[in-house]
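Undergrad: What follows is final-v2.cif, made up of mmCIF, C-alpha atoms:
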data_run
loop_
_atom_site.label_atom_id
_atom_site.label_comp_id
_atom_site.auth_asym_id
_atom_site.auth_seq_id
_atom_site.Cartn_x
_atom_site.Cartn_y
_atom_site.Cartn_z
CA MET A 12 43.66 57.78 74.53
CA ASP A 13 44.11 59.76 71.34
CA GLN A 14 47.08 61.79 70.09
CA LEU A 15 45.75 65.10 71.42
CA GLU A 16 45.15 63.65 74.90
CA ARG A 17 48.70 62.30 74.82
CA LEU A 18 50.15 65.74 74.00
CA ILE A 19 48.06 67.35 76.75
CA ALA A 20 49.33 64.78 79.26
CA ILE A 21 52.95 65.45 78.22
CA GLU A 22 52.51 69.24 78.63
CA GLU A 23 50.81 68.78 82.02
CA ILE A 24 53.65 66.54 83.23
CA LYS A 25 56.23 69.12 82.07
CA GLN A 26 54.42 71.88 83.98
CA MET A 27 54.15 69.69 87.09
CA LYS A 28 57.90 68.97 86.93
CA ALA A 29 58.48 72.72 86.52
CA ARG A 30 56.59 73.23 89.82
CA TYR A 31 58.81 70.53 91.40
CA PHE A 32 61.93 72.56 90.51
CA ARG A 33 60.46 75.94 91.42
CA CYS A 34 59.20 74.66 94.79
CA VAL A 35 62.50 73.05 95.78
CA ASP A 36 64.56 76.15 94.86
CA THR A 37 62.16 78.61 96.50
CA LYS A 38 61.73 76.28 99.53
CA ASP A 39 57.95 75.92 99.10
CA TRP A 40 57.72 72.53 100.85
CA GLN A 41 53.93 72.23 100.76
CA GLY A 42 53.97 72.89 97.03
CA PHE A 43 56.78 70.32 96.76
CA ALA A 44 54.74 67.68 98.63
CA ASP A 45 51.82 68.30 96.25
CA VAL A 46 53.70 67.21 93.12
CA PHE A 47 54.04 63.67 94.53
CA THR A 48 51.39 60.96 94.94
CA PRO A 49 50.50 60.26 98.59
CA ASP A 50 52.49 56.99 98.55
CA ALA A 51 55.33 58.16 96.27
CA GLU A 52 58.83 56.65 96.46
CA PHE A 53 61.87 58.93 96.38
CA HIS A 54 65.09 56.98 95.83
CA SER A 55 67.70 59.11 97.54
CA THR A 56 71.45 58.74 97.41
CA TRP A 57 71.68 61.19 100.33
CA VAL A 58 69.51 59.39 102.86
CA SER A 59 70.36 56.08 104.49
CA ASN A 60 67.50 54.35 106.21
CA ALA A 61 66.02 50.91 106.77
CA ASP A 62 64.51 51.05 103.28
CA GLY A 63 67.90 51.48 101.62
CA GLY A 64 67.54 55.18 100.97
CA ILE A 65 63.94 55.08 99.78
CA ILE A 66 61.71 57.75 101.31
CA ARG A 67 58.01 56.84 101.14
CA GLY A 68 55.05 59.23 101.15
CA ASN A 69 54.80 62.77 99.81
CA GLN A 70 54.76 64.51 103.22
CA GLU A 71 57.76 62.48 104.42
CA ILE A 72 59.62 63.31 101.16
CA ALA A 73 58.94 67.03 101.66
CA ASN A 74 59.96 66.85 105.33
CA ILE A 75 63.25 65.05 104.70
CA ILE A 76 64.30 66.91 101.54
CA GLY A 77 63.17 70.20 103.09
CA GLY A 78 65.27 69.46 106.18
CA GLN A 79 68.34 68.70 104.06
CA MET A 80 67.89 71.91 102.07
CA GLU A 81 67.18 74.07 105.12
CA ASP A 82 70.46 75.97 105.16
CA LEU A 83 71.41 75.39 101.53
CA LEU A 84 71.02 77.65 98.55
CA SER A 85 69.92 75.41 95.67
CA VAL A 86 69.46 75.64 91.92
CA HIS A 87 67.96 72.62 90.14
CA HIS A 88 67.33 72.55 86.41
CA GLY A 89 65.77 69.90 84.19
CA TYR A 90 66.12 69.53 80.46
CA MET A 91 65.18 67.42 77.50
CA PRO A 92 62.33 65.25 78.79
CA GLU A 93 61.55 61.91 77.18
CA ILE A 94 57.99 61.33 78.41
CA ASP A 95 56.12 58.14 77.52
CA VAL A 96 52.39 58.21 78.27
CA THR A 97 51.48 54.57 78.92
CA SER A 98 47.75 55.06 79.70
CA SER A 99 45.35 57.88 80.53
CA THR A 100 46.61 57.80 84.15
CA THR A 101 50.19 56.45 83.93
CA ALA A 102 53.39 57.67 82.32
CA SER A 103 57.17 57.49 82.68
CA GLY A 104 59.89 59.99 81.97
CA VAL A 105 63.63 60.60 81.80
CA TRP A 106 65.01 64.13 82.28
CA ALA A 107 68.55 65.42 82.08
CA MET A 108 69.31 67.41 85.24
CA GLU A 109 71.86 69.70 86.82
CA ASP A 110 71.99 70.87 90.41
CA TYR A 111 74.02 73.33 92.42
CA LEU A 112 73.94 73.26 96.19
CA LYS A 113 75.77 75.71 98.42
CA ARG A 114 75.81 76.05 102.17
CA ALA A 115 75.41 79.70 103.06
CA GLY A 116 78.60 79.87 105.14
CA GLY A 117 78.63 83.23 106.81
CA GLU A 118 75.33 84.39 105.38
CA GLY A 119 72.65 82.09 106.76
CA VAL A 120 71.82 80.29 109.98
CA ARG A 121 74.42 77.58 110.32
CA ARG A 122 73.59 74.21 111.84
CA SER A 123 75.68 72.99 114.71
CA GLY A 124 78.46 70.96 113.16
CA GLY A 125 78.09 72.75 109.84
CA SER A 126 81.40 73.05 108.07
CA GLY A 127 80.99 76.55 106.70
CA THR A 128 81.15 77.05 102.96
CA TRP A 129 80.51 73.94 100.94
CA SER A 130 79.18 73.56 97.44
CA MET A 131 78.28 70.84 94.97
CA HIS A 132 77.62 70.89 91.24
CA GLY A 133 76.08 67.75 89.81
CA PHE A 134 74.78 66.37 86.52
CA GLY A 135 72.67 63.36 85.76
CA HIS A 136 69.23 62.06 84.90
CA TYR A 137 65.90 61.69 86.67
CA HIS A 138 64.08 58.42 85.99
CA GLU A 139 60.45 58.90 87.00
CA ILE A 140 57.05 57.24 87.04
CA TYR A 141 53.93 59.40 87.00
CA GLU A 142 50.32 58.77 87.99
CA LYS A 143 47.26 60.93 87.49
CA VAL A 144 45.58 61.22 90.91
CA ASP A 145 42.54 63.43 91.56
CA GLY A 146 42.82 64.86 88.05
CA GLU A 147 46.48 65.93 88.43
CA TRP A 148 49.65 64.28 87.18
CA ARG A 149 52.01 63.55 90.09
CA ILE A 150 55.35 61.83 90.61
CA ALA A 151 54.91 58.26 91.93
CA SER A 152 58.60 57.30 91.81
CA LEU A 153 61.81 59.28 91.37
CA LYS A 154 65.41 58.06 91.03
CA VAL A 155 68.51 60.03 90.09
CA THR A 156 71.51 58.61 88.24
CA ARG A 157 74.67 60.73 88.09
CA ILE A 158 77.13 61.28 85.29
CA ARG A 159 79.26 63.86 87.09
CA LEU A 160 79.64 65.36 90.57
CA GLU A 161 82.02 68.19 91.48
CA MET B 15 39.47 78.18 73.06
CA ASP B 16 39.83 74.41 72.83
CA GLN B 17 42.60 72.14 74.07
CA LEU B 18 44.42 72.03 70.74
CA GLU B 19 44.43 75.82 70.43
CA ARG B 20 45.80 76.00 73.96
CA LEU B 21 48.69 73.63 73.11
CA ILE B 22 49.45 75.59 69.94
CA ALA B 23 49.57 78.84 71.93
CA ILE B 24 51.96 77.26 74.49
CA GLU B 25 54.31 76.04 71.73
CA GLU B 26 54.20 79.44 69.98
CA ILE B 27 55.06 81.21 73.26
CA LYS B 28 57.97 78.80 73.85
CA GLN B 29 59.34 79.51 70.37
CA MET B 30 58.93 83.27 70.85
CA LYS B 31 60.84 83.06 74.16
CA ALA B 32 63.51 81.02 72.37
CA ARG B 33 63.90 83.93 69.92
CA TYR B 34 64.18 86.28 72.93
CA PHE B 35 67.19 84.31 74.21
CA ARG B 36 68.79 83.82 70.81
CA CYS B 37 68.45 87.51 69.93
CA VAL B 38 69.94 88.78 73.20
CA ASP B 39 72.93 86.41 73.04
CA THR B 40 73.63 87.06 69.35
CA LYS B 41 72.99 90.82 69.83
CA ASP B 42 70.15 90.96 67.29
CA TRP B 43 68.46 94.01 68.84
CA GLN B 44 65.79 94.44 66.16
CA GLY B 45 64.78 90.79 66.60
CA PHE B 46 64.82 91.39 70.37
CA ALA B 47 62.49 94.43 70.05
CA ASP B 48 60.09 92.31 67.98
CA VAL B 49 59.38 89.78 70.76
CA PHE B 50 57.81 92.53 72.90
CA THR B 51 54.48 94.34 72.47
CA PRO B 52 54.86 98.02 71.45
CA ASP B 53 54.01 99.19 75.00
CA ALA B 54 55.72 96.35 76.91
CA GLU B 55 57.07 96.85 80.44
CA PHE B 56 60.50 95.49 81.36
CA HIS B 57 61.10 95.52 85.11
CA SER B 58 64.84 95.86 85.40
CA THR B 59 66.99 95.54 88.49
CA TRP B 60 69.88 97.09 86.53
CA VAL B 61 68.28 100.34 85.46
CA SER B 62 67.28 103.13 87.79
CA ASN B 63 64.98 105.73 86.34
CA ALA B 64 61.99 107.85 87.21
CA ASP B 65 59.75 104.80 86.73
CA GLY B 66 61.56 102.79 89.39
CA GLY B 67 63.51 100.64 86.98
CA ILE B 68 60.64 99.99 84.56
CA ILE B 69 61.54 100.42 80.92
CA ARG B 70 58.48 101.04 78.68
CA GLY B 71 58.14 100.30 74.99
CA ASN B 72 59.76 97.60 72.89
CA GLN B 73 62.20 99.90 71.06
CA GLU B 74 63.28 101.54 74.32
CA ILE B 75 63.77 98.08 75.90
CA ALA B 76 65.96 96.99 72.99
CA ASN B 77 67.93 100.27 73.09
CA ILE B 78 68.63 100.15 76.81
CA ILE B 79 69.31 96.41 77.13
CA GLY B 80 71.33 96.50 73.92
CA GLY B 81 73.40 99.38 75.30
CA GLN B 82 74.08 97.51 78.54
CA MET B 83 75.12 94.38 76.65
CA GLU B 84 77.27 96.27 74.12
CA ASP B 85 80.66 95.13 75.41
CA LEU B 86 79.48 92.04 77.27
CA LEU B 87 79.55 88.43 76.22
CA SER B 88 76.24 86.93 77.38
CA VAL B 89 74.65 83.51 77.69
CA HIS B 90 71.01 83.37 78.79
CA HIS B 91 69.11 80.12 79.19
CA GLY B 92 65.49 79.44 80.11
CA TYR B 93 64.02 76.21 81.42
CA MET B 94 60.89 74.58 82.67
CA PRO B 95 58.12 76.95 81.57
CA GLU B 96 54.80 77.02 83.38
CA ILE B 97 52.58 78.72 80.80
CA ASP B 98 48.95 79.48 81.55
CA VAL B 99 46.86 80.50 78.52
CA THR B 100 44.13 82.74 79.95
CA SER B 101 42.34 83.60 76.67
CA SER B 102 42.96 83.36 72.93
CA THR B 103 45.13 86.51 73.14
CA THR B 104 46.49 86.55 76.73
CA ALA B 105 48.74 84.25 78.74
CA SER B 106 51.20 84.30 81.64
CA GLY B 107 54.33 82.30 82.29
CA VAL B 108 57.08 81.52 84.77
CA TRP B 109 60.48 80.29 83.54
CA ALA B 110 63.54 79.19 85.45
CA MET B 111 66.56 81.10 84.11
CA GLU B 112 70.33 81.26 84.28
CA ASP B 113 72.58 83.97 82.87
CA TYR B 114 76.29 84.51 82.45
CA LEU B 115 77.65 87.93 81.64
CA LYS B 116 81.30 88.71 81.03
CA ARG B 117 83.00 91.93 80.06
CA ALA B 118 85.49 91.24 77.32
CA GLY B 119 88.47 92.75 79.18
CA GLY B 120 91.31 92.92 76.72
CA GLU B 121 89.33 91.59 73.80
CA GLY B 122 86.57 94.06 73.04
CA VAL B 123 86.07 97.78 72.94
CA ARG B 124 86.11 98.91 76.55
CA ARG B 125 83.90 101.73 77.73
CA SER B 126 85.54 104.61 79.50
CA GLY B 127 85.51 103.73 83.15
CA GLY B 128 85.20 100.02 82.38
CA SER B 129 86.92 97.94 85.02
CA GLY B 130 88.43 95.30 82.76
CA THR B 131 87.42 91.69 83.29
CA TRP B 132 84.17 91.26 85.18
CA SER B 133 81.72 88.41 85.16
CA MET B 134 78.39 87.46 86.68
CA HIS B 135 76.56 84.15 86.94
CA GLY B 136 72.95 84.39 88.04
CA PHE B 137 69.93 82.17 88.61
CA GLY B 138 66.28 83.00 89.05
CA HIS B 139 62.87 83.12 87.44
CA TYR B 140 61.15 85.19 84.78
CA HIS B 141 57.57 86.18 85.57
CA GLU B 142 55.92 87.23 82.31
CA ILE B 143 52.63 88.32 80.75
CA TYR B 144 52.02 87.66 77.08
CA GLU B 145 49.66 89.17 74.52
CA LYS B 146 48.90 88.10 70.98
CA VAL B 147 49.33 91.19 68.80
CA ASP B 148 49.07 91.12 64.99
CA GLY B 149 48.82 87.33 65.09
CA GLU B 150 52.04 86.86 67.10
CA TRP B 151 52.54 86.13 70.80
CA ARG B 152 54.71 88.82 72.38
CA ILE B 153 55.94 89.71 75.87
CA ALA B 154 53.82 92.47 77.46
CA SER B 155 55.54 92.41 80.86
CA LEU B 156 58.76 90.85 82.16
CA LYS B 157 60.15 90.71 85.72
CA VAL B 158 63.10 88.72 87.03
CA THR B 159 63.39 87.38 90.57
CA ARG B 160 66.77 86.03 91.66
CA ILE B 161 67.64 83.03 93.80
CA ARG B 162 71.40 83.33 93.42
CA LEU B 163 73.98 85.76 92.03
CA GLU B 164 77.73 85.11 91.88
CA MET C 21 49.52 68.43 57.56
CA ASP C 22 47.19 69.84 60.21
CA GLN C 23 47.99 71.66 63.45
CA LEU C 24 47.81 68.53 65.60
CA GLU C 25 50.18 66.61 63.32
CA ARG C 26 52.56 69.58 63.48
CA LEU C 27 52.56 69.56 67.31
CA ILE C 28 53.10 65.78 67.36
CA ALA C 29 56.07 66.17 65.00
CA ILE C 30 57.58 68.90 67.22
CA GLU C 31 57.23 66.73 70.35
CA GLU C 32 58.73 63.70 68.56
CA ILE C 33 61.70 65.78 67.39
CA LYS C 34 62.25 67.07 70.96
CA GLN C 35 62.25 63.51 72.32
CA MET C 36 64.63 62.37 69.57
CA LYS C 37 67.02 65.24 70.41
CA ALA C 38 66.73 64.25 74.09
CA ARG C 39 67.93 60.76 73.10
CA TYR C 40 70.83 62.39 71.19
CA PHE C 41 71.97 64.11 74.41
CA ARG C 42 71.38 61.12 76.67
CA CYS C 43 73.23 58.77 74.31
CA VAL C 44 76.29 61.01 73.93
CA ASP C 45 76.63 61.58 77.69
CA THR C 46 76.07 57.93 78.62
CA LYS C 47 78.30 56.79 75.71
CA ASP C 48 75.56 54.75 74.01
CA TRP C 49 77.07 54.98 70.52
CA GLN C 50 74.57 52.67 68.81
CA GLY C 51 71.71 54.74 70.24
CA PHE C 52 73.59 57.84 69.06
CA ALA C 53 73.92 56.48 65.50
CA ASP C 54 70.17 55.76 65.44
CA VAL C 55 69.14 59.42 65.87
CA PHE C 56 70.76 60.29 62.51
CA THR C 57 69.61 59.47 58.98
CA PRO C 58 71.86 56.93 57.22
CA ASP C 59 73.43 59.67 55.07
CA ALA C 60 73.43 62.44 57.70
CA GLU C 61 75.99 65.27 57.64
CA PHE C 62 77.69 66.34 60.88
CA HIS C 63 79.54 69.64 60.49
CA SER C 64 82.33 69.37 63.03
CA THR C 65 84.71 72.07 64.16
CA TRP C 66 86.82 69.36 65.81
CA VAL C 67 87.49 67.15 62.84
CA SER C 68 89.57 68.13 59.84
CA ASN C 69 89.22 65.94 56.82
CA ALA C 70 89.00 66.10 53.04
CA ASP C 71 85.37 67.19 53.36
CA GLY C 72 86.24 70.29 55.41
CA GLY C 73 85.18 68.84 58.72
CA ILE C 74 81.96 67.24 57.48
CA ILE C 75 81.42 63.70 58.68
CA ARG C 76 78.98 61.75 56.48
CA GLY C 77 76.83 58.78 57.49
CA ASN C 78 75.33 57.92 60.85
CA GLN C 79 77.71 55.03 61.66
CA GLU C 80 80.75 57.14 60.75
CA ILE C 81 79.41 60.00 62.92
CA ALA C 82 78.99 57.66 65.88
CA ASN C 83 82.45 56.13 65.31
CA ILE C 84 84.28 59.46 65.10
CA ILE C 85 82.39 61.28 67.86
CA GLY C 86 82.52 58.16 70.03
CA GLY C 87 86.28 57.96 69.51
CA GLN C 88 86.75 61.61 70.49
CA MET C 89 84.65 61.15 73.62
CA GLU C 90 86.28 57.86 74.61
CA ASP C 91 88.25 59.17 77.59
CA LEU C 92 86.19 62.30 78.21
CA LEU C 93 83.46 62.90 80.73
CA SER C 94 80.79 64.92 78.93
CA VAL C 95 77.65 66.84 79.77
CA HIS C 96 75.61 68.26 76.87
CA HIS C 97 72.40 70.20 77.37
CA GLY C 98 69.97 71.68 74.86
CA TYR C 99 67.41 74.39 75.47
CA MET C 100 64.78 76.53 73.86
CA PRO C 101 64.12 74.78 70.55
CA GLU C 102 62.71 76.71 67.60
CA ILE C 103 61.38 73.87 65.44
CA ASP C 104 59.81 74.58 62.06
CA VAL C 105 57.95 71.62 60.50
CA THR C 106 58.20 72.21 56.77
CA SER C 107 56.33 69.08 55.59
CA SER C 108 55.12 65.77 56.99
CA THR C 109 58.68 64.38 56.63
CA THR C 110 60.96 67.45 56.86
CA ALA C 111 61.70 70.03 59.54
CA SER C 112 64.43 72.35 60.73
CA GLY C 113 65.42 73.50 64.19
CA VAL C 114 67.68 75.77 66.22
CA TRP C 115 68.60 74.87 69.82
CA ALA C 116 70.61 76.75 72.39
CA MET C 117 73.30 74.43 73.79
CA GLU C 118 75.92 74.15 76.48
CA ASP C 119 78.61 71.49 76.79
CA TYR C 120 81.20 70.51 79.36
CA LEU C 121 83.99 68.17 78.44
CA LYS C 122 86.64 66.93 80.84
CA ARG C 123 89.47 64.50 80.34
CA ALA C 124 89.57 62.09 83.23
CA GLY C 125 93.20 62.84 84.12
CA GLY C 126 94.17 60.36 86.77
CA GLU C 127 90.86 58.56 86.84
CA GLY C 128 90.37 56.95 83.43
CA VAL C 129 92.42 55.18 80.82
CA ARG C 130 94.60 57.86 79.29
CA ARG C 131 95.48 57.83 75.61
CA SER C 132 99.09 57.97 74.64
CA GLY C 133 99.92 61.63 74.30
CA GLY C 134 97.02 62.63 76.53
CA SER C 135 97.83 65.78 78.43
CA GLY C 136 96.23 64.87 81.75
CA THR C 137 93.43 67.02 83.10
CA TRP C 138 91.79 69.23 80.51
CA SER C 139 88.32 70.70 80.43
CA MET C 140 86.14 72.82 78.20
CA HIS C 141 82.89 74.66 78.79
CA GLY C 142 81.12 75.90 75.69
CA PHE C 143 77.93 77.67 74.68
CA GLY C 144 76.26 78.06 71.32
CA HIS C 145 73.51 76.90 69.02
CA TYR C 146 72.71 73.80 67.02
CA HIS C 147 71.33 74.43 63.53
CA GLU C 148 69.69 71.22 62.34
CA ILE C 149 67.67 69.69 59.53
CA TYR C 150 65.41 66.73 60.27
CA GLU C 151 63.88 64.01 58.09
CA LYS C 152 61.31 61.38 58.96
CA VAL C 153 62.78 58.05 57.83
CA ASP C 154 61.09 54.70 58.50
CA GLY C 155 58.47 56.44 60.65
CA GLU C 156 61.04 58.14 62.93
CA TRP C 157 62.31 61.72 62.96
CA ARG C 158 66.10 61.77 62.58
CA ILE C 159 68.83 64.38 62.21
CA ALA C 160 69.87 64.81 58.56
CA SER C 161 72.26 67.72 59.14
CA LEU C 162 73.84 69.24 62.27
CA LYS C 163 76.03 72.35 62.63
CA VAL C 164 77.16 74.10 65.81
CA THR C 165 77.85 77.81 66.07
CA ARG C 166 79.58 79.07 69.24
CA ILE C 167 79.02 82.17 71.30
CA ARG C 168 81.51 81.34 74.03
CA LEU C 169 84.24 78.79 74.76
CA GLU C 170 86.21 78.56 78.01
#
What is this file in C-alpha cells?

TA:
Amino acid sequence: MDQLERLIAIEEIKQMKARYFRCVDTKDWQGFADVFTPDAEFHSTWVSNADGGIIRGNQEIANIIGGQMEDLLSVHHGYMPEIDVTSSTTASGVWAMEDYLKRAGGEGVRRSGGSGTWSMHGFGHYHEIYEKVDGEWRIASLKVTRIRLE
Amino acid sequence: MDQLERLIAIEEIKQMKARYFRCVDTKDWQGFADVFTPDAEFHSTWVSNADGGIIRGNQEIANIIGGQMEDLLSVHHGYMPEIDVTSSTTASGVWAMEDYLKRAGGEGVRRSGGSGTWSMHGFGHYHEIYEKVDGEWRIASLKVTRIRLE
Amino acid sequence: MDQLERLIAIEEIKQMKARYFRCVDTKDWQGFADVFTPDAEFHSTWVSNADGGIIRGNQEIANIIGGQMEDLLSVHHGYMPEIDVTSSTTASGVWAMEDYLKRAGGEGVRRSGGSGTWSMHGFGHYHEIYEKVDGEWRIASLKVTRIRLE
C-alpha cells in the first residue's frame, strides 16, 4: 500500500464517519447500519446486557441505538481524527467527540415513564477499528471514553 | 481527474471553507465575498425577499450577511465534511455545523429597535455546491438545514 | 516537494495537532511535550513572565501548562485548519478553536487559595508555525487569538 492509497483510505474513513454522525442526528437508521460491518461490536455504556454492554451486528446496533434516540433530539460532532491505516483493508482511529442529547419534553411523543425535559452534554473520544468490506470502509468496533459529562 | 487530483481538490475546498468561517467570525467581509463565485446563491432562512430568501451574487451576500452580523458576536464551526468531487471544476459537499450568535447588549453599538442581549445557539448542516473559478474553489450555492435551535 | 508530499505533510500535521488536543485533555504531559520542537515558543495570555508571556522550550511548556491544568477539567477542540506547507520541513497553520475549562470544585484536590467552582468557555484561533524535526512535524510556535470568552 503506497502513500497515495493511504491518504485515500484516510479520506474515505473520514467521509464514512461523517455519514455516521449525519445518520444518527437525522435519524436515518438504515444509513447508520450501513456504516458498520455486519458483525460489528458497539461497546455501549448505556446498554446493559449479557455481553456486558456490547451490541453485536450492524442491524442490532441500529435497532438499539435508534430505539434509544427515538424521542431524543441529538447533536453529535467528531473532531481531530488520528487514523492509522494498518493494511489495505484494516485501520484504527481515535476521534475527539462531543454530544448533546435532549428529550423533547412537551414537543415530541413522550414514552410512558418519560421524565419530561432532560438533557446531556458530553465530551470524550471514540476508539475505533475499521475494515474495508465490499469495497467500503466500515466500523468494525467502536468504544467511547468520556472526559466530561454534564 | 485522477485520485491525487481528487484529494487535492478536497483539501483545497476544506481550506476555502475554513476561510469562510474565519472571515465571518472576524468580520472580514471582503475575504468572505471572495469565497463565493460571482453569481453564487445563498439560501437564507433569515432574509425574506422577492427571491424567497435567496441572496444572489458574492458582493450582495457579503453586504447582507455583513449587515446582519454588524452588532453580533459570532462563532461558526464546521465539522465532518462529505465532499464529492464531480469533475475537475465542480464538487458538492455536506458539513455539520454549529453557530453561536450574541448581540453585544451594553458593549457594542446597538441598532435602533435592538432588544439588548439576545443569543442563539444552532446546529445543522450546510449543503453546498462548489465551482473552480479562476483557479480557486468557491461556493456556488449554500443552504442550511437545522436540527436544533436554542 | 510535489503535491503528494504536500498532502502527506498536511495530514501528518493534522494528526500531530490531534495528539496535542488529546494529550492536554487526558493530561498526558510527556505526550504534550513531544508535539513541540525542543526550542518551541508558546505565546500565553495566561502566563506573565520576563519574556512577556512567552514560554520557551517544550519541557517548560508542558510543565507550566500542565501545572495550570492540574486541578482543571478541560476540553479543547480544533476545527477547520488552513495549513500552508512552505517547504519539506516548514509549514504554518491557522485553526479555529474552542475550549472549556472547569475547576473541579468539590470533586478534585483543590489548591490552596482555589476559589471553588469556576469555569470558562472560549473561542478563537491558533496561529502556528511547524517544523519537521527528527522526521516528525512539531509545533515551533503557537499563539492564540480570542473572539469570545465567557

Undergrad: If we count only C-alpha atoms, what is near stretch 25-42 of chain B at a cut-off of 7 Å, once residues fewer than 2 positions away on the same chain are taken out, given as a list of chain:residue names?

TA: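 Contacts, in chain order: B:Leu21, B:Ile22, B:Ala23, B:Gln44, B:Gly45, B:Phe46, B:Val49, B:Ser88, B:Val89, B:His90, B:His91, B:Trp151, C:Met100, C:Pro101, C:Glu102.
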
Undergrad: When you look at stretch 85-87 of chain C with a cut-off of 10 Å (counting all atoms listed in the file), what residues show up, excluding the ones that are within fewer than 3 positions of it in the same chain? I need them as a ChimeraX atom specification.

TA: /C:44,47-50,52-53,62,64,66-67,75,79-82,90-92

Undergrad: Could you work out which residues of chain B fall inside 9 Å of chain A? Count only C-alpha atoms, and format the result as a PyMOL selection string.

TA: chain B and resi 17-18+21+93-97+109-111+137-139+161-162

Undergrad: Mind pulling up the distance from atom CA of C:Asp22 to atom CA of B:Ala154?

TA: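 Distance between the two atoms: 29.2 Å.
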
Undergrad: Point out the residue among B:Lys146, B:His141, B:Arg20, B:Arg152 with the least atom-to-atom distance to B:Thr104, counting all atoms listed in the file.

TA: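 With all atoms listed in the file as the atom set, the closest residue is B:Lys146.
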
Undergrad: To one decimal place, how far is atom CA of C:Pro58 from atom CA of C:Ile159 in Å?

TA: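 These atoms are spaced 9.5 Å apart.
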
Undergrad: Please report the interatomic distance between atom CA of C:Thr165 and atom CA of C:His141 in Å with one decimal.

TA: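 Computed distance, atom CA of C:Thr165 to atom CA of C:His141, equals 14.0 Å.
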
Undergrad: Using only C-alpha atoms, give me every residue within 9 Å of (44.0, 88.0, 70.7) in file coordinates, as an MDAnalysis selection string.

TA: chainID B and resid 101:104 145:151

Undergrad: Excluding A:Glu52 and residues on its chain fewer than 5 positions from it, collect all residues at most 7 Å away from it, counting only C-alpha atoms, and give them as an mmCIF file with C-alpha atoms, keeping the file's coordinate frame.

TA:
data_model
loop_
_atom_site.group_PDB
_atom_site.id
_atom_site.type_symbol
_atom_site.label_atom_id
_atom_site.label_comp_id
_atom_site.auth_asym_id
_atom_site.auth_seq_id
_atom_site.Cartn_x
_atom_site.Cartn_y
_atom_site.Cartn_z
ATOM 1 C CA ILE A 65 63.940 55.080 99.780
ATOM 2 C CA ILE A 66 61.710 57.750 101.310
ATOM 3 C CA ARG A 67 58.010 56.840 101.140
ATOM 4 C CA GLY A 68 55.050 59.230 101.150
ATOM 5 C CA ALA A 151 54.910 58.260 91.930
ATOM 6 C CA SER A 152 58.600 57.300 91.810
ATOM 7 C CA LEU A 153 61.810 59.280 91.370
#

Undergrad: Can you list, as JSON, numbers by chain, every protein, DNA or RNA residue that comes within 6 Å of C:Ala111 when you count only C-alpha atoms, leaving out same-chain residues fewer than 2 positions away?

TA: {"C": [104, 105, 106, 149, 150]}
